[in-house]
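Scroll down for the structure; my scribbles are underneath it.
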Amino acid sequence: MLAPIIPSINSHEIIPLAKAAYNAGALSIGHTIVRLNGVIGELFTDWIQKTLPDKADKVLNQIADCHSGSLNESRFGVRMRGEGQIAKQINDMIKLAKHNYFKERSMPKLNNALHEIYKDGQMRLF
């Protein structure tokens, strides 16, 4: 899981991180784009302004661009992937990384037979 992807902080590392995951034996990658809920937004804003004052406004504006002008996004289906041009570039880079490194790998089929032997008076899960 490459998460969270923060525009202009670690978004440029997607391809090298995907390659490292591939080399370590990962079968696929997933990602989320950072969203700053409530107090987290205040903490992150304070941190970035103190730590990277020259980049702070750029990063905060790019995060907001991914979430319809807000640092937070709560809509299901949008909150983790974002929307807008910055989010599209990040999502496209993830697709490119998957194509380059993981196109010949797949996740194993779920083996739900093992559940039966550990089921002790419990209802069926599958």
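In the structure tokens, chains take letters A, B, ... by order of appearance, with residues numbered from 1 within each chain and ligands from 1 in the order shown.
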
Region 51-67 of chain A: which residues within 10 Å, counting only C-alpha atoms, same-chain residues fewer than 2 positions away excluded, as a compact mmCIF listing (two decimals) with C-alpha atoms, in the first residue's frame?
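Ended up saving to part.txt:
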# COMPACT_ATOMS: atom_id res chain seq x y z
CA ILE A 5 0.36 9.92 -1.52
CA ILE A 6 0.98 13.60 -0.75
CA PRO A 7 1.28 15.85 -3.82
CA SER A 8 4.76 17.45 -4.10
CA ILE A 9 5.99 15.56 -1.02
CA ILE A 33 -4.32 10.33 -1.76
CA VAL A 34 -3.92 12.15 1.52
CA ARG A 35 -7.01 13.74 3.03
CA LEU A 36 -6.77 15.85 6.15
CA GLY A 41 -5.68 19.17 8.80
CA PHE A 44 -0.51 18.90 9.09
CA THR A 45 -0.83 22.57 8.12
CA ASP A 46 1.14 23.64 11.21
CA TRP A 47 3.77 20.94 10.60
CA ILE A 48 4.31 21.71 6.92
CA GLN A 49 4.49 25.46 7.51
CA GLY A 69 -11.04 22.85 -2.80
CA SER A 70 -10.95 21.37 0.71
CA LEU A 71 -8.24 19.55 2.65
CA ASN A 72 -10.82 16.95 3.59
CA GLU A 73 -13.08 14.78 1.48
CA SER A 74 -15.75 12.48 2.89
CA ARG A 75 -17.60 11.31 -0.21
CA VAL A 78 -13.85 9.97 -4.11
CA ARG A 79 -12.20 10.45 -0.73
CA MET A 80 -9.35 7.99 -1.25
CA ARG A 81 -8.67 8.61 -4.96
CA GLY A 82 -9.42 12.32 -5.21
CA GLU A 83 -10.53 14.21 -8.29
CA GLY A 84 -9.14 16.97 -10.44
CA GLN A 85 -5.95 17.23 -12.46
CA ILE A 86 -3.45 16.51 -9.65
CA ALA A 87 -5.38 13.41 -8.55
CA LYS A 88 -5.62 12.26 -12.17
CA ILE A 90 -1.28 10.54 -9.37

Exercise for the section: For Ala26 (chain A), list every protein, DNA or RNA residue within 12 Å, evaluated using only C-alpha atoms, and leave out those in the same chain fewer than 5 positions away; present the list as a ChimeraX atom specification. Expected result: /A:1-2,17-21,98,101-108

Exercise for the section: Considering only C-alpha atoms, state which residue in the set A:Lys50, A:Phe76, A:Met93, A:Leu43 is at the smallest distance from Ile14 (chain A). Expected result: A:Met93
